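Structure record follows, encoded as structure tokens.
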Protein chains: 2
Amino acid sequence: VSPTGTPGTSFHPEIDLIEQIASLVTVRPGVEIGIGDDAAVLSGDPVLVMTQDLLVEDVHFRLSTTDMTSLGHKALAVNVSDIAAMGATPVAVLVGLGLPSGRHDAVAELYRGMEAVADEHGCTIAGGDVTDAPVLTLSVSVIGRMEAGVAPVLRSGARPGDAVCVTGMLGASVAGLLVLEDPPLGDDLSVPGREALQGAHLRPTARVAAGAALARLCVHALLDCSDGLALDLLRMATASGVSIELDLGLVPQAPGVPEVAAAAGHDAATLAATGGEDYELIVALHPREMARCAAALGDLALTRVGTVLDGPIGLSVVRDAKPVELPRLGWEHGA
Amino acid sequence: VSPTGTPGTSFHPEIDLIEQIASLVTVRPGVEIGIGDDAAVLSGDPVLVMTQDLLVEDVHFRLSTTDMTSLGHKALAVNVSDIAAMGATPVAVLVGLGLPSGRHDAVAELYRGMEAVADEHGCTIAGGDVTDAPVLTLSVSVIGRMEAGVAPVLRSGARPGDAVCVTGMLGASVAGLLVLEDPPLGDDLSVPGREALQGAHLRPTARVAAGAALARLCVHALLDCSDGLALDLLRMATASGVSIELDLGLVPQAPGVPEVAAAAGHDAATLAATGGEDYELIVALHPREMARCAAALGDLALTRVGTVLDGPIGLSVVRDAKPVELPRLGWEHGA
């Protein structure tokens, strides 16, 4: 995991590369939406969505801070999260596994973790191959299905005047990672509190039911919070061609985040807003729809953290009504 | 590329590992066929099929014998071939690209090669991400669609009495690789002949139209010839629970294969039957259907190379009516 986020509202190198790739390919009949959202969208009824991630040892994960079962769990959960961020439900999963020589023993543990997530969401690991590779490499593809009559929700639909909300609480994953890397940082936590943070980092939960409920209620834009709330909000703002204002004081902090942030010398709200990997959903919706959406999510919190403004495309951050410059917007893996 | 084929009718280590993986996962509603065929099959109408490959530098390809555009072409073509081997037509492609640092220049060339194949088959590269990796790594997923009312053709449907046929000619890919690795082996070839063999290795063609035509005619079993005719026939025999007899003398050799085989000191028929990577289709069908199937393939040859027998599950090889022991059945990549 390497932080390569850039401050302010500038673009990310990966976004440029994805834009370059998008310019190299043609969208042909059978596909509604190609490169650029959480998942591709196929034509048809029901609408199908498709996503894929390539996860590489020492780029996306370190074996020193995870076990194989957790790694399998997370690899599938983060892809299911991309399906959830369209409002769809996962159906089938394909797995490509690259193993360094002598690590064939890892197969059963990795699949145990993936199968637990498949079971949780009622989907099937329908294809898998194994090959040699210099480092542990996981390619996970998921295909999902929208409910009949429900359109997928893109990241590009945010409109000026919308409320910007997040499901659940943020910061647990990065706090869990900090404790995994430096256990004394968790000394102020109870044992269950510490385990909850580490579990949030190692075995995140994709918000499938929440995504489907929000899509049914026709929210304007949806995105999963994978690389940090601030960075993902910048992505939503860019895709939607709007200005988004994030109020740092409104970011809901998961239990234990203030304690770990203090021990690590970080501002807790900043940590929660930039840590990433919480896999909660970020929603843009008309403010009058907030109550109805919150009710549809049941016990899962829906918290307003900002507003879509009529302004220059990008993200601005405030705290106590004053502009704030974040040291970075999030955590970027890879290119 | 490393030969790890085992002689006779014994099983491959990769087959054991895939069987182990299949035993670790549960097939849930929404999926008709999971791990084990060329592609997974989803429930629904039209039927969708899905496949994925993970390709790793120095395991599946060497940059010394390919260029980036050819590599992109082949990476997509071999996955489209798995879709063709179900009788389906590709719709959408997802690409995960792992690049060693400093190789971002490869992106445009790789995508040029993939986009050429997408254009040829009318499908869309609908998702792509790029990440760092220690060696060039490509993950390609393809989703395809069956024609309405046509069932996917599995590798497991071969029945005693069936004729076993291949489309096109075999051996061009391995002969092309031999010439790429050791150019003097092509000294007896014309320049176009040499280029045709190298092109067959670097930029194979998936038999999409042929697969769809054969599925429409309800052939019993279909498989693409990726790792060597003999090895792939063993796979068909195993999946179908039958005995298959391959007649080495019937294997159609592509132009130039005899010359390269002679120069390299190989038996040409053996080379054509075990070289792999030709991506022709292997078909089991009732002998009385052969003429109708051949007519449906137009200019593409359909050649009988063997017979499905009532006998012990596995592959036997004959030549001039005498049993033959092949030094290996094919080429296996990875595990």
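A note on labels: chains of the structure tokens are A, B, ... as shown, every chain counts residues from 1, and ligands are counted from 1 in their shown order.
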Going by DSSP on the backbone, which residues of segment 211-248 of chain A come out as strand (DSSP E or B)? List them as a PDB file with N, CA, C and O atoms, in the first residue's frame.
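And here is the file that came out, part_35.pdb:
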```
ATOM      1  N   ALA A 221     -26.520   9.501  -7.969  1.00  0.00           N
ATOM      2  CA  ALA A 221     -25.173   8.979  -8.233  1.00  0.00           C
ATOM      3  C   ALA A 221     -24.748   8.076  -7.084  1.00  0.00           C
ATOM      4  O   ALA A 221     -25.153   8.286  -5.929  1.00  0.00           O
ATOM      5  N   LEU A 222     -23.949   7.066  -7.427  1.00  0.00           N
ATOM      6  CA  LEU A 222     -23.522   6.073  -6.437  1.00  0.00           C
ATOM      7  C   LEU A 222     -22.087   5.664  -6.783  1.00  0.00           C
ATOM      8  O   LEU A 222     -21.733   5.541  -7.957  1.00  0.00           O
ATOM      9  N   LEU A 223     -21.299   5.442  -5.748  1.00  0.00           N
ATOM     10  CA  LEU A 223     -19.881   5.110  -5.908  1.00  0.00           C
ATOM     11  C   LEU A 223     -19.476   4.417  -4.614  1.00  0.00           C
ATOM     12  O   LEU A 223     -20.008   4.742  -3.567  1.00  0.00           O
ATOM     13  N   ASP A 224     -18.577   3.443  -4.699  1.00  0.00           N
ATOM     14  CA  ASP A 224     -18.142   2.888  -3.419  1.00  0.00           C
ATOM     15  C   ASP A 224     -16.894   3.603  -2.937  1.00  0.00           C
ATOM     16  O   ASP A 224     -16.099   4.136  -3.713  1.00  0.00           O
ATOM     17  N   SER A 243     -19.255  20.580  -8.797  1.00  0.00           N
ATOM     18  CA  SER A 243     -18.413  20.885  -7.647  1.00  0.00           C
ATOM     19  C   SER A 243     -19.023  20.195  -6.431  1.00  0.00           C
ATOM     20  O   SER A 243     -20.233  20.259  -6.225  1.00  0.00           O
ATOM     21  N   ILE A 244     -18.194  19.498  -5.654  1.00  0.00           N
ATOM     22  CA  ILE A 244     -18.695  18.884  -4.418  1.00  0.00           C
ATOM     23  C   ILE A 244     -17.947  19.490  -3.240  1.00  0.00           C
ATOM     24  O   ILE A 244     -16.725  19.649  -3.282  1.00  0.00           O
ATOM     25  N   GLU A 245     -18.723  19.890  -2.231  1.00  0.00           N
ATOM     26  CA  GLU A 245     -18.120  20.397  -0.996  1.00  0.00           C
ATOM     27  C   GLU A 245     -18.263  19.333   0.085  1.00  0.00           C
ATOM     28  O   GLU A 245     -19.374  18.895   0.394  1.00  0.00           O
ATOM     29  N   LEU A 246     -17.129  18.932   0.638  1.00  0.00           N
ATOM     30  CA  LEU A 246     -17.105  17.953   1.735  1.00  0.00           C
ATOM     31  C   LEU A 246     -16.895  18.699   3.044  1.00  0.00           C
ATOM     32  O   LEU A 246     -15.967  19.500   3.157  1.00  0.00           O
ATOM     33  N   ASP A 247     -17.766  18.444   4.023  1.00  0.00           N
ATOM     34  CA  ASP A 247     -17.607  19.046   5.353  1.00  0.00           C
ATOM     35  C   ASP A 247     -16.968  18.012   6.273  1.00  0.00           C
ATOM     36  O   ASP A 247     -17.619  17.046   6.693  1.00  0.00           O
TER      37      ASP A 247
END
```
Sort by chain and increasing residue number a table of all residues of chain A within 6 Å of chain B, each with its closest pair of atoms and their distance in Å to one decimal, counting only C-alpha atoms, and write it as a tab-separated table.
```
residue	atom	partner	partner_atom	distance
A:Val27	CA	B:Thr124	CA	5.3
A:Arg28	CA	B:Thr124	CA	5.5
A:Gly34	CA	B:Ala126	CA	4.0
A:Ile35	CA	B:Gly127	CA	4.5
A:Ala40	CA	B:Ala126	CA	5.7
A:Leu54	CA	B:Gly96	CA	5.5
A:Gly96	CA	B:Leu54	CA	5.5
A:Thr124	CA	B:Val27	CA	5.3
A:Ala126	CA	B:Gly34	CA	4.0
A:Gly127	CA	B:Ile35	CA	4.5
A:Thr131	CA	B:Gly334	CA	4.1
A:Asp132	CA	B:Gly334	CA	4.6
A:Gly334	CA	B:Thr131	CA	4.1
A:Ala335	CA	B:Thr131	CA	4.8
```
(request) Write out as a PyMOL selection string the residues lying within 10 Å of Asp67 of chain B, counting only C-alpha atoms and excluding same-chain residues fewer than 6 positions away. (result) chain B and resi 73+106+109-110+113+202
For the selection just defined, write its residues with all heavy atoms to a file, as a tab-separated table (two decimals), in the first residue's frame.
```
chain	number	residue	atom	x	y	z
B	73	HIS	N	-3.22	-8.75	-28.91
B	73	HIS	CA	-4.06	-9.51	-29.83
B	73	HIS	C	-4.28	-10.92	-29.30
B	73	HIS	O	-5.42	-11.39	-29.18
B	73	HIS	CB	-3.37	-9.54	-31.21
B	73	HIS	CG	-4.14	-10.29	-32.26
B	73	HIS	ND1	-4.66	-9.68	-33.37
B	73	HIS	CD2	-4.48	-11.60	-32.35
B	73	HIS	CE1	-5.30	-10.58	-34.10
B	73	HIS	NE2	-5.18	-11.75	-33.50
B	106	ALA	N	3.70	0.73	-22.88
B	106	ALA	CA	3.16	-0.50	-23.49
B	106	ALA	C	1.64	-0.46	-23.62
B	106	ALA	O	1.07	-1.22	-24.40
B	106	ALA	CB	3.57	-1.71	-22.66
B	109	GLU	N	0.08	0.10	-27.20
B	109	GLU	CA	0.30	-1.02	-28.13
B	109	GLU	C	-0.53	-2.24	-27.74
B	109	GLU	O	-1.12	-2.90	-28.61
B	109	GLU	CB	1.78	-1.39	-28.17
B	109	GLU	CG	2.66	-0.38	-28.87
B	109	GLU	CD	4.13	-0.70	-28.63
B	109	GLU	OE1	4.61	-1.71	-29.16
B	109	GLU	OE2	4.79	0.06	-27.88
B	110	LEU	N	-0.55	-2.56	-26.46
B	110	LEU	CA	-1.35	-3.70	-26.01
B	110	LEU	C	-2.81	-3.51	-26.39
B	110	LEU	O	-3.47	-4.42	-26.90
B	110	LEU	CB	-1.22	-3.87	-24.49
B	110	LEU	CG	0.05	-4.57	-24.01
B	110	LEU	CD1	0.27	-4.31	-22.53
B	110	LEU	CD2	-0.05	-6.07	-24.25
B	113	GLY	N	-3.61	-4.02	-30.08
B	113	GLY	CA	-3.78	-5.43	-30.44
B	113	GLY	C	-5.12	-5.98	-29.97
B	113	GLY	O	-5.80	-6.72	-30.69
B	202	LEU	N	1.70	-15.68	-33.16
B	202	LEU	CA	1.62	-14.40	-32.45
B	202	LEU	C	0.20	-13.85	-32.40
B	202	LEU	O	-0.18	-13.18	-31.44
B	202	LEU	CB	2.53	-13.38	-33.13
B	202	LEU	CG	4.04	-13.66	-33.06
B	202	LEU	CD1	4.80	-12.64	-33.91
B	202	LEU	CD2	4.53	-13.62	-31.62
```
(request) Find the spatial neighbours of Ala210 of chain B, counting only C-alpha atoms, within a cut-off of 12 Å - ignore same-chain residues fewer than 2 positions away - and output them as a ChimeraX atom specification. (result) /B:81,83-89,166-168,205-208,212-217,219,222-224,279-283,293-302
Output N, CA, C and O atoms for every residue in the selection just made, as a compact mmCIF listing (two decimals), in the first residue's frame.
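New file out32.txt:
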```txt
# COMPACT_ATOMS: atom_id res chain seq x y z
N SER B 81 -11.55 -17.39 -27.90
CA SER B 81 -11.60 -18.79 -28.34
C SER B 81 -12.36 -19.66 -27.33
O SER B 81 -13.09 -20.57 -27.72
N ILE B 83 -14.81 -18.65 -25.52
CA ILE B 83 -16.22 -18.31 -25.74
C ILE B 83 -16.72 -19.04 -26.99
O ILE B 83 -17.82 -19.63 -26.99
N ALA B 84 -15.89 -19.04 -28.05
CA ALA B 84 -16.25 -19.73 -29.29
C ALA B 84 -16.43 -21.23 -29.04
O ALA B 84 -17.28 -21.87 -29.66
N ALA B 85 -15.64 -21.78 -28.11
CA ALA B 85 -15.69 -23.21 -27.83
C ALA B 85 -16.95 -23.62 -27.08
O ALA B 85 -17.19 -24.81 -26.86
N MET B 86 -17.77 -22.66 -26.66
CA MET B 86 -19.10 -22.96 -26.11
C MET B 86 -20.16 -22.79 -27.21
O MET B 86 -21.32 -23.13 -27.01
N GLY B 87 -19.78 -22.20 -28.33
CA GLY B 87 -20.73 -21.87 -29.39
C GLY B 87 -21.30 -20.47 -29.25
O GLY B 87 -22.27 -20.12 -29.92
N ALA B 88 -20.69 -19.64 -28.39
CA ALA B 88 -21.21 -18.31 -28.12
C ALA B 88 -20.42 -17.24 -28.87
O ALA B 88 -19.38 -17.52 -29.47
N THR B 89 -20.94 -16.02 -28.83
CA THR B 89 -20.32 -14.87 -29.49
C THR B 89 -19.94 -13.86 -28.41
O THR B 89 -20.75 -13.57 -27.53
N VAL B 166 -11.46 -31.81 -36.18
CA VAL B 166 -10.91 -30.49 -35.89
C VAL B 166 -11.20 -29.56 -37.06
O VAL B 166 -11.25 -29.99 -38.21
N THR B 167 -11.37 -28.28 -36.73
CA THR B 167 -11.49 -27.26 -37.77
C THR B 167 -10.08 -26.88 -38.21
O THR B 167 -9.11 -26.99 -37.44
N GLY B 168 -9.95 -26.42 -39.44
CA GLY B 168 -8.69 -25.84 -39.92
C GLY B 168 -7.54 -26.84 -39.92
O GLY B 168 -7.73 -28.04 -40.03
N THR B 205 -6.39 -16.71 -34.49
CA THR B 205 -7.78 -16.33 -34.77
C THR B 205 -8.72 -17.25 -34.00
O THR B 205 -8.58 -18.47 -34.08
N ALA B 206 -9.66 -16.66 -33.28
CA ALA B 206 -10.67 -17.47 -32.58
C ALA B 206 -11.78 -17.83 -33.56
O ALA B 206 -12.19 -17.00 -34.37
N ARG B 207 -12.27 -19.06 -33.48
CA ARG B 207 -13.24 -19.58 -34.46
C ARG B 207 -14.67 -19.31 -34.00
O ARG B 207 -15.44 -20.26 -33.74
N VAL B 208 -15.02 -18.04 -33.90
CA VAL B 208 -16.32 -17.66 -33.34
C VAL B 208 -17.47 -18.10 -34.25
O VAL B 208 -18.42 -18.73 -33.80
N ALA B 212 -20.33 -21.00 -33.36
CA ALA B 212 -21.77 -20.71 -33.37
C ALA B 212 -22.50 -21.63 -34.34
O ALA B 212 -23.59 -22.14 -34.04
N ALA B 213 -21.88 -21.87 -35.51
CA ALA B 213 -22.51 -22.74 -36.51
C ALA B 213 -22.62 -24.17 -35.99
O ALA B 213 -23.64 -24.85 -36.16
N LEU B 214 -21.57 -24.66 -35.33
CA LEU B 214 -21.58 -26.03 -34.81
C LEU B 214 -22.58 -26.18 -33.67
O LEU B 214 -23.25 -27.21 -33.55
N ALA B 215 -22.71 -25.14 -32.82
CA ALA B 215 -23.69 -25.19 -31.73
C ALA B 215 -25.11 -25.25 -32.30
O ALA B 215 -25.96 -25.98 -31.79
N ARG B 216 -25.34 -24.49 -33.35
CA ARG B 216 -26.66 -24.46 -33.99
C ARG B 216 -27.02 -25.85 -34.52
O ARG B 216 -28.18 -26.24 -34.54
N LEU B 217 -25.99 -26.62 -34.93
CA LEU B 217 -26.24 -27.95 -35.50
C LEU B 217 -26.18 -29.04 -34.43
O LEU B 217 -26.19 -30.23 -34.76
N VAL B 219 -23.91 -30.26 -32.30
CA VAL B 219 -22.83 -31.23 -32.12
C VAL B 219 -22.79 -31.64 -30.65
O VAL B 219 -23.33 -30.95 -29.77
N LEU B 222 -17.67 -29.78 -27.70
CA LEU B 222 -16.85 -28.76 -28.35
C LEU B 222 -15.80 -28.29 -27.34
O LEU B 222 -16.08 -28.17 -26.15
N LEU B 223 -14.61 -28.02 -27.85
CA LEU B 223 -13.49 -27.63 -27.00
C LEU B 223 -12.53 -26.90 -27.92
O LEU B 223 -12.45 -27.22 -29.09
N ASP B 224 -11.81 -25.88 -27.41
CA ASP B 224 -10.82 -25.30 -28.31
C ASP B 224 -9.47 -25.96 -28.10
O ASP B 224 -9.14 -26.47 -27.03
N TYR B 279 -5.78 -22.87 -31.53
CA TYR B 279 -7.12 -22.30 -31.28
C TYR B 279 -8.14 -22.67 -32.34
O TYR B 279 -9.07 -21.93 -32.60
N GLU B 280 -7.92 -23.85 -32.96
CA GLU B 280 -8.98 -24.45 -33.75
C GLU B 280 -9.98 -25.11 -32.79
O GLU B 280 -9.73 -25.20 -31.59
N LEU B 281 -11.13 -25.53 -33.32
CA LEU B 281 -12.12 -26.19 -32.48
C LEU B 281 -12.04 -27.70 -32.65
O LEU B 281 -11.80 -28.20 -33.75
N ILE B 282 -12.22 -28.41 -31.54
CA ILE B 282 -12.30 -29.87 -31.54
C ILE B 282 -13.77 -30.22 -31.33
O ILE B 282 -14.40 -29.72 -30.39
N VAL B 283 -14.31 -31.07 -32.18
CA VAL B 283 -15.74 -31.36 -32.18
C VAL B 283 -15.97 -32.86 -32.08
O VAL B 283 -15.29 -33.63 -32.78
N CYS B 293 -22.18 -30.36 -41.04
CA CYS B 293 -21.32 -29.44 -40.29
C CYS B 293 -20.23 -28.85 -41.19
O CYS B 293 -19.93 -27.65 -41.12
N ALA B 294 -19.63 -29.70 -42.01
CA ALA B 294 -18.59 -29.20 -42.92
C ALA B 294 -19.16 -28.13 -43.84
O ALA B 294 -18.52 -27.09 -44.08
N ALA B 295 -20.36 -28.35 -44.33
CA ALA B 295 -20.99 -27.36 -45.21
C ALA B 295 -21.22 -26.05 -44.48
O ALA B 295 -21.03 -24.96 -45.04
N ALA B 296 -21.60 -26.14 -43.20
CA ALA B 296 -21.89 -24.92 -42.43
C ALA B 296 -20.64 -24.10 -42.17
O ALA B 296 -20.72 -22.91 -41.88
N LEU B 297 -19.46 -24.74 -42.25
CA LEU B 297 -18.22 -24.02 -41.96
C LEU B 297 -17.64 -23.34 -43.20
O LEU B 297 -16.62 -22.64 -43.09
N GLY B 298 -18.27 -23.55 -44.35
CA GLY B 298 -17.80 -22.86 -45.56
C GLY B 298 -16.39 -23.26 -45.91
O GLY B 298 -16.07 -24.45 -46.01
N ASP B 299 -15.50 -22.26 -46.05
CA ASP B 299 -14.12 -22.53 -46.48
C ASP B 299 -13.26 -23.17 -45.40
O ASP B 299 -12.16 -23.65 -45.70
N LEU B 300 -13.72 -23.13 -44.17
CA LEU B 300 -12.91 -23.68 -43.08
C LEU B 300 -13.04 -25.20 -43.08
O LEU B 300 -14.14 -25.74 -43.01
N ALA B 301 -11.88 -25.90 -43.16
CA ALA B 301 -11.91 -27.37 -43.23
C ALA B 301 -12.43 -27.97 -41.93
O ALA B 301 -12.25 -27.42 -40.85
N LEU B 302 -13.10 -29.11 -42.05
CA LEU B 302 -13.46 -29.93 -40.88
C LEU B 302 -12.91 -31.32 -41.18
O LEU B 302 -13.34 -31.98 -42.12
```
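Atom CA of Pro152 of chain B sits 22.8 Å away from atom CA of Ala75 of chain B.
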(message) Applying 12 Å and only C-alpha atoms, which residues near segment 182-186 of chain B remain after dropping the ones on its own chain fewer than 6 positions away? List them as a PyMOL selection string.
(response) chain B and resi 64-65+175-176+192-198+256-266
(request) State, in Å with one decimal place, the distance from atom CA of Arg304 of chain A to atom CA of Thr274 of chain A. (result) 16.5 Å
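Here atom CA of Asp187 of chain A and atom CA of Ser226 of chain A stand 26.9 Å from one another.
Using only C-alpha atoms, the shortest contact distance between Val164 of chain B and any of B:Leu285, B:Val324, B:Leu189, B:Ala254 is found at B:Leu285.
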